[in-house]
Every structure is written in C-alpha cells, then in structure tokens.
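Asks: So that we are looking at the same thing, I have put the structure below in structure tokens.
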Amino acid sequence: MRQAIFSLILLVSGAVAAAAGTFRFDSIDGGDIDLGAWRGSPVMVVNTASLCGFTPQYEGLQALWEGYRDRGLKVLAVPSNTFRQELEDEAAVKDFCELTFGLDLPMTEITEVRGPNAHPFYRWLAAETGWAPSWNFNKVLLDGQGQVVATWGSATRPTSRAVTSRIEALLD
C-alpha cells in the first residue's frame, strides 16, 4: 500500500512538473530548446510539414513571431513526418523554410507528434487534454506556466482573430 501511494505521488508530481514546462526538443540548429527556459511567456507550439497544403501558414507563424516576440510570445515550429508530408531531413527543412518563408523562429528537428513514438510533449498533451494533432499545422497555446490555454486545427490560420485574441489576453 505504501509503495502504491509513493508511486502515485511520483506520478502526480511528474505530471505537475511536466505542465510547468520541463520538456526539451532537439533544435534544428543544434542543441536543444528547453520550454522551461520560456517559463513566464506564452508559447505557441505548431506541428508543421513542408509538403502540406497548409504549409503557407508558415507566413502566419513568422508574422506572429515578429509581431509578438518583443511582448514575450514564443513560437515553436515542430516539423513532423507523422502525416508523411515532411522533407527527407532537417537540412532540407531548414533551407526550405528560410528560403521560401524567411523563417527565423525557433524550430525543432523532425519530430513525431502522435502515437507511441510521439515526443514526450505530445504524449503529455494527449494524456492531459485528450487532444492530439489530427494533421499538420495544429496549434497549441500554452500560458506562461506551461498550461494548455487553447488548441486549434489546421484550418485555423495563425493570425486569425481566434488565435491572436487568446495570445493578446496572455500578454496583457
């Protein structure tokens, strides 16, 4: 019984720590991206793909980054081949995004976002909220404490009022 209670305490404390932003992603530029370092700032996490019909949304993600970064917003693009629409490697993704969209926002390496091989952030997101990306360019907005504020599907543009009003509320 004591062991079961201890295990439950560890499980709960781990979930709380995860919600506080303890996730790390491998950066497309080398090194890692530590969401914990962004604590206190809202964070938009978006699973992306270079060969998707929604790929022009990179322009909107860059616009969010440029328009709100000085006020504290972090935008993280998570290239993924989960839906079989990403380029063959990180170098190709990085070149495509820089040359086609002028992207300079933080990006991860190619990362799984669904299923048993999903990145721990996405496994936590599914367990915590029941929500997982159903396609590319699904968006997750976290508050400054790492709690999920809102999620949007592919059809919602990054610069839509639905998204920007939620961001602005977190920045005010």
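Chain identifiers are assigned as A, B, and so on, following the order in which chains appear in the structure tokens; residues are numbered from 1 within each chain, and ligands are numbered from 1 in order of appearance.
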Which residues are close to Ala63 (chain A), i.e. within 10 Å by only C-alpha atoms, leaving aside same-chain residues fewer than 3 positions away? Reply as an mmCIF file with C-alpha atoms, in the first residue's frame.
Replies:
```
data_model
loop_
_atom_site.group_PDB
_atom_site.id
_atom_site.type_symbol
_atom_site.label_atom_id
_atom_site.label_comp_id
_atom_site.auth_asym_id
_atom_site.auth_seq_id
_atom_site.Cartn_x
_atom_site.Cartn_y
_atom_site.Cartn_z
ATOM 1 C CA GLN A 57 0.738 29.037 -42.744
ATOM 2 C CA TYR A 58 4.463 29.380 -42.104
ATOM 3 C CA GLU A 59 3.948 33.014 -43.196
ATOM 4 C CA GLY A 60 1.409 33.481 -40.401
ATOM 5 C CA GLU A 66 7.635 39.106 -35.496
ATOM 6 C CA GLY A 67 4.519 40.822 -34.144
ATOM 7 C CA TYR A 68 4.540 39.473 -30.595
ATOM 8 C CA ARG A 69 8.056 38.334 -29.695
ATOM 9 C CA LEU A 103 11.602 31.856 -41.182
ATOM 10 C CA LEU A 105 11.541 31.436 -35.461
ATOM 11 C CA PRO A 158 -2.109 31.547 -37.061
ATOM 12 C CA THR A 159 -3.054 35.211 -37.475
#
```
Asks: Please run DSSP on the backbone and report, as a PyMOL selection string, all residues within chain A that come out as helix (DSSP H, G or I).
Replies: chain A and resi 2-19+35-38+57-71+90-101+120-129+161-171
Asks: Need the shell around Arg24 (chain A): protein/DNA/RNA residues with any atom at most 8 Å away, counting only C-alpha atoms. Skip same-chain ones fewer than 6 positions apart. Format as a VMD selection string?
Replies: chain A and resid 32 to 36
Asks: Taking only C-alpha atoms into account, name the residue in A:Leu141, A:Thr22, A:Pro133, A:Asn47 that is nearest to Glu168 (chain A).
Replies: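 Once distances to Glu168 (chain A) are computed over only C-alpha atoms, the minimum belongs to A:Leu141.
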Asks: Suppose you want the space between CA of Asp26 (chain A) and CA of Ala169 (chain A); what is it in Å?
Replies: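 Computed distance, CA of Asp26 (chain A) to CA of Ala169 (chain A), equals 29.4 Å.
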Asks: Just the residues within 9 Å of Thr129 (chain A), please, counting only C-alpha atoms, with nothing from its chain fewer than 4 positions along; format it as a compact mmCIF listing (two decimals) with C-alpha atoms, in the first residue's frame.
Replies:
```
# COMPACT_ATOMS: atom_id res chain seq x y z
CA TRP A 124 1.73 14.62 -22.23
CA LEU A 125 -0.63 16.85 -24.25
CA VAL A 148 -2.74 24.48 -22.24
```
Asks: With distances taken over only C-alpha atoms, which of A:Pro120, A:Glu86, A:Phe101, A:Val149 is nearest to Leu61 (chain A)?
Replies: A:Phe101
